[in-house]
>>> print(open('run_0.txt').read())   # compact mmCIF, C-alpha atoms
# COMPACT_ATOMS: atom_id res chain seq x y z
CA MET N 1 100.99 109.29 129.03
CA THR N 2 104.01 111.26 127.87
CA THR N 3 107.29 109.38 127.97
CA ALA N 4 110.86 110.56 127.77
CA PRO N 5 112.62 110.20 124.43
CA SER N 6 115.18 107.42 124.08
CA HIS N 7 117.80 110.01 123.11
CA PRO N 8 117.74 113.02 125.47
CA HIS N 9 117.31 116.40 123.79
CA PRO N 10 118.30 119.81 125.05
CA ALA N 11 115.49 121.97 126.34
CA ARG N 12 113.51 123.44 123.46
CA SER N 13 112.47 127.06 123.56
CA GLY N 14 110.22 127.00 120.50
CA PRO N 15 106.58 126.02 120.07
CA ARG N 16 105.22 122.67 121.20
CA ILE N 17 103.86 120.83 118.15
CA GLY N 18 101.89 117.60 118.33
CA VAL N 19 101.85 115.13 115.43
CA LEU N 20 98.98 112.63 115.23
CA GLY N 21 98.76 109.75 112.77
CA SER N 22 98.91 105.99 112.28
CA TYR N 23 102.37 105.73 113.81
CA GLY N 24 103.98 102.94 115.76
CA GLY N 25 105.58 100.59 113.25
CA PHE N 26 102.46 99.14 111.67
CA ASN N 27 103.22 100.33 108.15
CA ILE N 28 106.50 101.40 106.52
CA GLY N 29 104.71 104.07 104.48
CA ASP N 30 103.29 105.70 107.61
CA GLU N 31 106.70 105.60 109.27
CA ALA N 32 108.21 107.26 106.18
CA ILE N 33 105.57 109.97 106.44
CA LEU N 34 106.34 110.56 110.12
CA THR N 35 110.06 110.82 109.34
CA CYS N 36 109.35 113.47 106.71
CA VAL N 37 106.80 115.42 108.78
CA LEU N 38 109.16 115.61 111.75
CA GLY N 39 111.95 116.69 109.39
CA CYS N 40 109.75 119.43 108.00
CA LEU N 41 108.76 120.71 111.41
CA ARG N 42 112.34 120.68 112.62
CA ALA N 43 113.41 122.61 109.50
CA GLN N 44 110.63 125.17 109.99
CA ARG N 45 111.21 125.55 113.73
CA PRO N 46 114.58 124.15 114.86
CA GLY N 47 113.72 124.90 118.49
CA ALA N 48 110.29 123.28 118.40
CA HIS N 49 109.36 120.66 120.99
CA LEU N 50 107.90 117.83 118.89
CA VAL N 51 105.34 115.53 120.51
CA VAL N 52 104.26 112.42 118.59
CA PHE N 53 100.94 110.73 119.39
CA SER N 54 101.67 107.09 118.68
CA ARG N 55 99.81 103.79 118.63
CA ASP N 56 103.00 102.12 119.95
CA GLU N 57 105.06 104.53 122.02
CA ALA N 58 108.01 102.15 122.48
CA HIS N 59 108.43 101.72 118.72
CA THR N 60 108.17 105.43 118.00
CA ARG N 61 110.56 106.31 120.80
CA ALA N 62 113.12 103.79 119.49
CA HIS N 63 112.85 104.62 115.78
CA HIS N 64 112.20 108.37 115.75
CA PRO N 65 114.78 109.97 118.05
CA GLU N 66 113.95 113.37 116.53
CA ALA N 67 110.72 113.32 118.57
CA ASP N 68 111.11 115.07 121.92
CA ASP N 69 108.16 113.32 123.56
CA VAL N 70 105.90 110.40 122.67
CA VAL N 71 102.30 110.08 123.83
CA ALA N 72 100.51 106.72 123.72
CA TRP N 73 96.93 107.25 122.62
CA GLU N 74 95.59 103.70 122.21
CA GLY N 75 94.78 101.46 125.16
CA VAL N 76 95.40 104.21 127.71
CA SER N 77 93.23 106.52 129.77
CA ARG N 78 91.75 109.21 127.53
CA ASN N 79 92.41 111.78 130.26
CA ASN N 80 96.15 111.19 130.00
CA VAL N 81 96.01 112.14 126.33
CA LEU N 82 93.67 115.08 126.80
CA ASP N 83 95.94 116.51 129.50
CA VAL N 84 98.69 116.92 126.89
CA LEU N 85 96.60 118.94 124.42
CA PRO N 86 96.40 122.31 126.25
CA GLY N 87 100.19 122.50 126.28
CA LEU N 88 100.42 122.40 122.47
CA ASP N 89 100.80 125.39 120.18
CA LEU N 90 99.76 123.34 117.14
CA LEU N 91 98.36 119.86 116.46
CA VAL N 92 99.30 118.35 113.10
CA LEU N 93 97.09 115.57 111.73
CA GLY N 94 98.81 113.17 109.37
CA GLY N 95 99.84 112.82 106.81
CA GLY N 96 98.77 109.59 105.28
CA GLY N 97 95.44 107.92 104.76
CA VAL N 98 93.76 108.45 108.13
CA LEU N 99 90.32 109.62 107.00
CA TYR N 100 88.39 106.50 106.07
CA ASP N 101 85.46 104.49 107.40
CA GLY N 102 85.94 103.27 110.94
CA GLU N 103 89.15 105.23 111.53
CA ALA N 104 88.35 108.87 110.75
CA ARG N 105 86.30 109.36 113.91
CA ARG N 106 89.12 108.04 116.13
CA TYR N 107 91.66 110.53 114.86
CA LEU N 108 89.25 113.43 114.62
CA ARG N 109 88.05 112.92 118.18
CA LEU N 110 91.48 114.10 119.31
CA VAL N 111 91.53 116.90 116.75
CA ARG N 112 88.16 118.13 118.06
CA ALA N 113 89.43 117.93 121.63
CA ALA N 114 92.39 120.11 120.63
CA GLN N 115 90.08 122.61 118.94
CA ASP N 116 87.95 122.78 122.06
CA ARG N 117 91.09 123.80 123.94
CA ASP N 118 91.86 126.54 121.40
CA VAL N 119 94.81 124.66 119.92
CA PRO N 120 95.30 125.42 116.19
CA THR N 121 95.04 122.33 113.97
CA PHE N 122 96.60 121.52 110.58
CA ALA N 123 95.85 118.61 108.23
CA TYR N 124 99.23 117.63 106.75
CA ALA N 125 98.70 116.10 103.27
CA VAL N 126 96.16 113.58 104.52
CA GLY N 127 94.40 110.96 102.43
CA ALA N 128 90.62 110.52 102.52
CA GLY N 129 88.32 107.69 101.51
CA PRO N 130 86.44 105.50 101.35
CA LEU N 131 83.95 107.46 103.46
CA ARG N 132 80.49 105.92 103.32
CA ASP N 133 79.66 105.59 107.02
CA ALA N 134 77.27 108.38 108.02
CA GLU N 135 78.98 108.98 111.36
CA ASP N 136 82.45 109.23 109.86
CA ARG N 137 81.18 111.53 107.12
CA GLU N 138 79.61 113.90 109.64
CA VAL N 139 82.74 113.99 111.81
CA VAL N 140 84.96 114.67 108.80
CA ARG N 141 82.65 117.41 107.55
CA THR N 142 82.38 119.22 110.88
CA VAL N 143 85.89 118.85 112.32
CA LEU N 144 87.79 119.65 109.11
CA ALA N 145 85.62 122.74 108.66
CA ASP N 146 87.12 124.11 111.90
CA MET N 147 90.76 123.27 111.14
CA ASP N 148 93.12 126.17 110.49
CA ASP N 149 94.31 124.66 107.19
CA VAL N 150 93.49 121.46 105.31
CA VAL N 151 95.97 119.95 102.86
CA VAL N 152 95.37 116.61 101.12
CA ARG N 153 97.89 114.50 99.23
CA ASP N 154 95.90 113.81 96.05
CA GLU N 155 92.96 114.95 93.97
CA GLU N 156 90.99 111.83 94.85
CA SER N 157 91.01 112.86 98.54
CA ARG N 158 89.83 116.37 97.68
CA LEU N 159 86.91 114.91 95.72
CA VAL N 160 86.02 112.60 98.61
CA LEU N 161 85.90 115.56 101.02
CA GLU N 162 83.83 117.54 98.56
CA GLU N 163 81.38 114.65 98.20
CA VAL N 164 81.12 114.38 102.00
CA GLY N 165 79.96 117.99 102.03
CA LEU N 166 83.01 119.81 103.36
CA GLU N 167 82.63 123.45 102.42
CA ARG N 168 86.01 125.10 102.72
CA GLU N 169 89.23 125.56 100.79
CA VAL N 170 91.25 122.34 100.48
CA THR N 171 94.78 122.41 99.06
CA VAL N 172 96.12 119.46 97.07
CA THR N 173 99.86 118.76 97.32
CA ALA N 174 101.56 115.34 97.32
CA ASP N 175 102.54 112.54 99.68
CA PRO N 176 105.05 113.64 102.35
CA ALA N 177 107.13 110.49 101.78
CA LEU N 178 108.29 111.93 98.46
CA LEU N 179 110.84 113.83 100.56
CA LEU N 180 112.32 110.74 102.20
CA ARG N 181 116.09 110.31 101.93
CA PRO N 182 117.63 106.87 101.28
CA GLU N 183 119.86 105.08 103.74
CA PRO N 184 122.49 102.50 102.76
CA PHE N 185 121.42 98.96 101.93
CA THR N 186 124.66 97.12 101.30
CA GLU N 187 125.52 94.03 99.30
CA ALA N 188 126.22 92.31 102.63
CA MET N 189 122.62 93.04 103.62
CA LEU N 190 121.48 91.54 100.31
CA ARG N 191 123.44 88.38 101.03
CA ASP N 192 121.94 88.21 104.52
CA GLU N 193 118.55 88.13 102.82
CA GLY N 194 119.67 85.27 100.57
CA LEU N 195 119.63 87.49 97.48
CA PRO N 196 122.19 87.38 94.69
CA THR N 197 124.34 90.43 94.09
CA ASP N 198 125.08 89.56 90.47
CA ALA N 199 121.58 88.97 89.08
CA ARG N 200 118.58 91.07 88.09
CA LEU N 201 116.16 91.76 90.91
CA VAL N 202 112.49 92.59 90.49
CA GLY N 203 110.57 93.98 93.46
CA MET N 204 106.92 93.14 94.07
CA SER N 205 104.42 94.44 96.60
CA VAL N 206 101.19 92.75 97.63
CA ARG N 207 98.70 93.67 100.32
CA GLU N 208 95.79 92.24 102.26
CA PRO N 209 92.15 92.95 101.44
CA GLY N 210 90.55 95.34 103.89
CA ARG N 211 88.59 98.55 104.14
CA ALA N 212 91.10 100.30 101.88
CA ALA N 213 91.07 97.43 99.36
CA GLU N 214 87.74 95.76 99.96
CA LYS N 215 87.16 94.70 96.35
CA LEU N 216 90.24 92.48 96.17
CA ASP N 217 89.58 88.78 95.65
CA GLU N 218 92.45 86.99 97.38
CA GLY N 219 92.70 83.89 95.23
CA ASP N 220 92.22 85.88 92.06
CA TYR N 221 94.99 88.41 92.62
CA HIS N 222 97.37 85.90 94.21
CA ALA N 223 97.23 83.86 91.02
CA LEU N 224 97.52 86.96 88.85
CA LEU N 225 100.64 88.20 90.60
CA ALA N 226 102.15 84.72 90.47
CA ASP N 227 101.68 84.84 86.68
CA VAL N 228 103.44 88.22 86.61
CA ALA N 229 106.28 86.96 88.82
CA ASP N 230 106.82 83.87 86.64
CA PHE N 231 106.79 86.03 83.52
CA LEU N 232 109.47 88.31 84.98
CA VAL N 233 111.63 85.36 86.00
CA GLN N 234 111.52 84.03 82.43
CA ARG N 235 111.56 87.33 80.52
CA LEU N 236 114.37 88.99 82.48
CA ASP N 237 116.12 85.98 83.99
CA ALA N 238 115.41 87.70 87.30
CA HIS N 239 114.86 86.91 90.95
CA VAL N 240 111.63 88.28 92.41
CA VAL N 241 111.76 89.95 95.84
CA PHE N 242 108.57 90.61 97.79
CA LEU N 243 108.74 93.69 100.03
CA PRO N 244 106.28 93.59 102.95
CA MET N 245 105.29 97.18 103.64
CA GLU N 246 103.01 96.02 106.45
CA ARG N 247 103.14 92.90 108.63
CA HIS N 248 100.07 91.31 107.00
CA ASP N 249 101.72 91.52 103.59
CA VAL N 250 103.98 88.58 104.48
CA ARG N 251 101.15 86.07 104.38
CA HIS N 252 100.00 87.29 101.00
CA ALA N 253 103.53 87.20 99.62
CA HIS N 254 103.76 83.55 100.68
CA ALA N 255 100.43 82.90 98.95
CA VAL N 256 101.73 84.38 95.69
CA LEU N 257 104.93 82.33 95.99
CA SER N 258 102.84 79.18 96.42
CA HIS N 259 101.15 79.86 93.05
CA MET N 260 104.41 80.41 91.16
CA THR N 261 105.86 77.77 88.86
CA ALA N 262 109.34 79.04 89.76
CA PRO N 263 109.11 79.66 93.53
CA ASP N 264 112.85 79.00 93.87
CA LYS N 265 113.39 82.36 92.14
CA GLY N 266 111.28 84.20 94.71
CA ARG N 267 112.25 85.61 98.12
CA ILE N 268 110.46 87.61 100.80
CA LEU N 269 112.44 90.36 102.50
CA HIS N 270 112.38 89.25 106.14
CA GLY N 271 114.58 91.76 107.96
CA THR N 272 113.34 94.76 109.94
CA TYR N 273 114.37 97.95 108.18
CA SER N 274 113.79 101.68 108.47
CA PRO N 275 111.90 103.44 105.67
CA GLY N 276 115.19 104.95 104.51
CA GLN N 277 116.78 101.51 104.29
CA VAL N 278 113.83 100.17 102.29
CA LEU N 279 114.28 103.14 99.96
CA GLY N 280 117.98 102.29 99.78
CA PHE N 281 117.11 98.68 98.92
CA MET N 282 115.10 99.90 95.94
CA ARG N 283 118.34 101.03 94.30
CA HIS N 284 119.25 97.37 93.80
CA LEU N 285 116.09 96.66 91.76
CA ASP N 286 115.86 96.56 88.00
CA LEU N 287 112.06 96.78 87.89
CA ALA N 288 109.14 97.03 90.33
CA VAL N 289 105.52 95.92 90.19
CA GLY N 290 103.34 96.60 93.17
CA MET N 291 100.16 97.48 94.99
CA ARG N 292 101.21 99.42 98.08
CA LEU N 293 101.29 103.16 97.44
CA HIS N 294 104.60 103.75 99.21
CA PHE N 295 106.26 100.83 97.47
CA VAL N 296 105.40 102.60 94.21
CA ILE N 297 106.61 105.94 95.59
CA PHE N 298 109.91 104.45 96.77
CA ALA N 299 110.52 102.80 93.39
CA ALA N 300 109.79 106.03 91.54
CA LEU N 301 112.07 108.01 93.88
CA THR N 302 114.99 105.76 92.96
CA GLY N 303 114.26 105.86 89.23
CA VAL N 304 113.29 102.19 89.02
CA PRO N 305 110.78 101.42 86.23
CA VAL N 306 107.59 100.77 88.18
CA LEU N 307 104.16 99.46 87.26
CA PRO N 308 101.51 100.38 89.88
CA LEU N 309 98.70 97.89 90.40
CA PRO N 310 95.81 100.16 91.40
CA TYR N 311 93.37 98.86 94.00
CA SER N 312 92.17 102.27 95.24
CA GLY N 313 91.90 105.91 94.26
CA LYS N 314 95.18 106.93 95.90
CA VAL N 315 97.16 104.49 93.74
CA PHE N 316 95.23 105.49 90.59
CA ASP N 317 95.98 109.12 91.32
CA PHE N 318 99.69 108.59 91.90
CA ALA N 319 99.99 106.39 88.79
CA ARG N 320 98.42 109.18 86.76
CA ARG N 321 100.81 111.76 88.18
CA LEU N 322 103.74 109.45 87.37
CA GLY N 323 102.57 109.00 83.81
CA ALA N 324 102.34 105.25 84.45
CA PRO N 325 99.92 102.98 82.56
CA ALA N 326 96.31 103.61 83.60
CA LEU N 327 95.37 100.05 84.58
CA VAL N 328 91.83 99.61 85.81
CA GLY N 329 92.43 97.25 88.71
CA VAL N 330 93.74 93.87 89.79
CA ALA N 331 91.74 90.98 88.32
CA ARG N 332 92.74 87.64 86.80
CA GLU N 333 91.02 88.34 83.49
CA GLN N 334 93.44 91.24 83.01
CA ALA N 335 96.49 88.96 83.05
CA GLY N 336 97.25 89.39 79.35
CA LEU N 337 97.00 93.18 79.52
CA LEU N 338 99.13 93.31 82.65
CA LEU N 339 101.88 91.12 81.21
CA ALA N 340 101.92 93.25 78.07
CA GLU N 341 102.30 96.40 80.18
CA VAL N 342 105.16 94.86 82.17
CA ASP N 343 106.88 93.90 78.91
CA ARG N 344 106.42 97.37 77.49
CA LEU N 345 107.60 99.01 80.72
CA TRP N 346 110.88 97.11 80.49
CA ASP N 347 111.40 97.89 76.81
CA GLU N 348 110.49 101.58 77.00
CA HIS N 349 112.07 102.57 80.30
CA PRO N 350 115.39 103.79 78.83
CA GLN N 351 113.39 106.33 76.82
CA ARG N 352 111.08 107.21 79.73
CA ARG N 353 113.75 107.47 82.44
CA GLU N 354 114.18 111.23 82.13
CA ASP N 355 110.41 111.80 82.09
CA LEU N 356 110.09 109.81 85.32
CA ARG N 357 112.87 111.84 86.95
CA PHE N 358 111.19 115.09 85.88
CA ARG N 359 107.81 114.02 87.27
CA ILE N 360 109.32 112.94 90.59
CA ARG N 361 111.20 116.24 90.89
CA GLU N 362 107.95 118.11 90.26
CA LEU N 363 106.03 115.99 92.77
CA SER N 364 108.75 116.53 95.38
CA VAL N 365 108.46 120.28 94.90
CA VAL N 366 104.70 120.00 95.39
CA ALA N 367 105.19 117.86 98.52
CA ARG N 368 107.38 120.61 100.02
CA GLN N 369 104.48 123.04 99.69
CA THR N 370 102.75 121.30 102.59
CA CYS N 371 105.74 122.05 104.77
CA VAL N 372 105.72 125.68 103.65
CA ARG N 373 102.00 126.03 104.46
CA CYS N 374 102.61 124.55 107.90
CA GLY N 375 105.39 127.07 108.44
CA SER N 376 103.06 129.89 107.39
CA LEU N 377 100.50 128.77 109.95
CA LEU N 378 103.21 128.73 112.61
CA ASP N 379 104.04 132.31 111.62
CA GLU N 380 100.41 133.29 112.06
CA ILE N 381 100.12 131.78 115.52
CA GLY N 382 103.53 133.04 116.69
CA CYS N 383 106.89 131.28 116.90
CA GLY N 384 107.21 130.93 120.64
CA PRO N 385 105.30 128.81 123.14
CA ARG N 386 102.43 130.30 125.07
CA SER N 387 102.79 131.20 128.73
CA GLU N 388 102.01 128.67 131.45
CA ALA N 389 98.84 130.60 132.35
CA GLU N 390 97.62 130.50 128.76
CA ARG N 391 98.41 126.78 128.47
CA HIS N 392 96.29 125.80 131.47
CA ALA N 393 93.43 128.23 130.96
CA PRO N 394 90.00 126.57 130.52
CA PRO N 395 88.48 126.43 127.01
CA ALA N 396 86.93 129.69 125.84
CA SER N 397 83.65 127.95 125.12
CA GLU N 398 81.84 124.73 125.92
CA PRO N 399 83.22 121.68 124.07
CA ARG N 400 81.52 121.04 120.76
CA PRO N 401 79.86 117.63 120.43
CA LEU N 402 81.73 114.89 118.61
CA HIS N 403 79.94 111.60 118.15
CA ALA N 404 81.79 108.61 119.61
>>> encode(input="run_0.txt", output="structure tokens")
Amino acid sequence: MTTAPSHPHPARSGPRIGVLGSYGGFNIGDEAILTCVLGCLRAQRPGAHLVVFSRDEAHTRAHHPEADDVVAWEGVSRNNVLDVLPGLDLLVLGGGGVLYDGEARRYLRLVRAAQDRDVPTFAYAVGAGPLRDAEDREVVRTVLADMDDVVVRDEESRLVLEEVGLEREVTVTADPALLLRPEPFTEAMLRDEGLPTDARLVGMSVREPGRAAEKLDEGDYHALLADVADFLVQRLDAHVVFLPMERHDVRHAHAVLSHMTAPDKGRILHGTYSPGQVLGFMRHLDLAVGMRLHFVIFAALTGVPVLPLPYSGKVFDFARRLGAPALVGVAREQAGLLLAEVDRLWDEHPQRREDLRFRIRELSVVARQTCVRCGSLLDEIGCGPRSEAERHAPPASEPRPLHA
């Protein structure tokens, strides 16, 4: 059901815009995306009434006060969610990686329900893949074909949609989180984490195997990253800080620590921080090596020399756009190559710093294009909300089938 925001807002006279994604505090990258999408929508339509469809309404209400309403859409009556859709002027899907096996159909079921109620729909720099399940492929192909505009965040996602058989124009921009603004992360906060304020800090990001990283061998990559961490401790006389971007990352960070020969020089960030604070923390790092896409994005945004460890197409694609080394994956037999790349990254960064800044500026400009396209769609459908009669009118046609 719809719940009141934790911070009361004045009545909004503009359009009602729904935002649907993997929101609710499960992943810092997704929360960063939501922050940026809401910021875009507020910039495009200051008077808009923003409704977030969340997997954890209490978290979203507490951490995103810019949302006017929050709708729980997991573990609740489907009718409660469907009742909200006719009152929307636009439903925004994403951004982030929501179109993959086992998940795509859940999100697109709501998108189809909105379409059946004549609500315009917009895919906001979404990520796609892997998509091998026949049911998910069909749902993606049919529902995206009827969306008013489809924007993906990388070339890999466009190719996945093309392979699925989607026959329509798809625009490639960049991840919405490239527009995130940093928040302060003070030296006092560093000390609270047990981190030195007068030593080099190297950030590392690990993740769990899963549908998005199904080829990872846990023991193999734990040992590999422990080798990298030990090398950085010795080479740079540094402390290694593991940044959990998702709750499951903590276990894998502990596993890497257990393989290190110098675990006393390793720490796991344990506090609960906003995406902006995590971005602010990155400013304290001297170097970053990581797997999570948004860890890599945050490091690049702050100008920290970063080595992506690709486990999927989205990380490969972003590494390419950054001009980072084109590593072929995360496997123990690549330890020598990986350590050589880390060494070279440290040595060459002073010369590459300006190139990294240029590429990030360019990517940020591209990321803003998604916001502009969303604004153009709002222009096409009209700035103001529809009348009460129009909101509650029955669908113009029978609902189109969407496989469960």
>>> closest_residue(input="run_0.txt", among="N:Arg361, N:Arg207, N:His239, N:His349", to="Ala255 in chain N", atoms="all atoms listed in the file")
N:Arg207
>>> residues_near_point(input="run_0.txt", point="(118.8, 89.1, 105.7)", cutoff="9 Å", atoms="only C-alpha atoms", output="ChimeraX atom specification")
/N:188-195,269-272
>>> residues_around(input="run_0.txt", residues="Ala32 in chain N", least_positions_apart="2", cutoff="9 Å", atoms="all atoms listed in the file", output="number ranges by chain")
N: 27-30, 34-37, 176-177, 180, 274-276, 294
>>> write_last_selection(input="run_0.txt", atoms="C-alpha atoms", output="compact mmCIF listing (two decimals), in the frame of the given file")
# COMPACT_ATOMS: atom_id res chain seq x y z
CA ASN N 27 103.22 100.33 108.15
CA ILE N 28 106.50 101.40 106.52
CA GLY N 29 104.71 104.07 104.48
CA ASP N 30 103.29 105.70 107.61
CA LEU N 34 106.34 110.56 110.12
CA THR N 35 110.06 110.82 109.34
CA CYS N 36 109.35 113.47 106.71
CA VAL N 37 106.80 115.42 108.78
CA PRO N 176 105.05 113.64 102.35
CA ALA N 177 107.13 110.49 101.78
CA LEU N 180 112.32 110.74 102.20
CA SER N 274 113.79 101.68 108.47
CA PRO N 275 111.90 103.44 105.67
CA GLY N 276 115.19 104.95 104.51
CA HIS N 294 104.60 103.75 99.21
>>> atom_distance(input="run_0.txt", atom1="CA of Tyr107 in chain N", atom2="CA of Arg55 in chain N")
11.2 Å
>>> residues_around(input="run_0.txt", residues="Arg292 in chain N", least_positions_apart="3", cutoff="7 Å", atoms="all atoms listed in the file", output="number ranges by chain")
N: 205-207, 295-296
>>> axis_aligned_box(input="run_0.txt", around="range 87-103 of chain N", padding_each_side="5 Å", output="lines of an AutoDock Vina configuration file")
center_x = 93.1
center_y = 114.3
center_z = 115.5
size_x = 25.3
size_y = 32.1
size_z = 31.5
>>> atom_distance(input="run_0.txt", atom1="CA of Gly24 in chain N", atom2="CA of Pro184 in chain N")
22.6 Å
>>> atom_distance(input="run_0.txt", atom1="CA of Asp83 in chain N", atom2="CA of Ala145 in chain N")
24.1 Å
>>> residues_around(input="run_0.txt", residues="Arg283 in chain N", least_positions_apart="3", cutoff="8 Å", atoms="all atoms listed in the file", output="PyMOL selection string")
chain N and resi 279-280+302+304
>>> residues_around(input="run_0.txt", residues="Val71 in chain N", least_positions_apart="4", cutoff="10 Å", atoms="only C-alpha atoms", output="list in words")
Met1, Thr2, Thr3, Ala4, Gly18, Val19, Leu20, Val51, Val52, Phe53, Ser54, Arg55, Asp56, Glu57, Ala58, Thr60, Arg61, Val76, Asn80, Val81 and Val84 of chain N
>>> residues_near_point(input="run_0.txt", point="(100.5, 96.6, 93.5)", cutoff="10 Å", atoms="only C-alpha atoms", output="number ranges by chain")
N: 204-207, 221, 225, 288-293, 295-296, 306-311, 315, 329-330
>>> closest_residue(input="run_0.txt", among="N:Asp198, N:Asp101, N:Asp175, N:Glu66", to="Ile33 in chain N", atoms="all atoms listed in the file")
N:Asp175
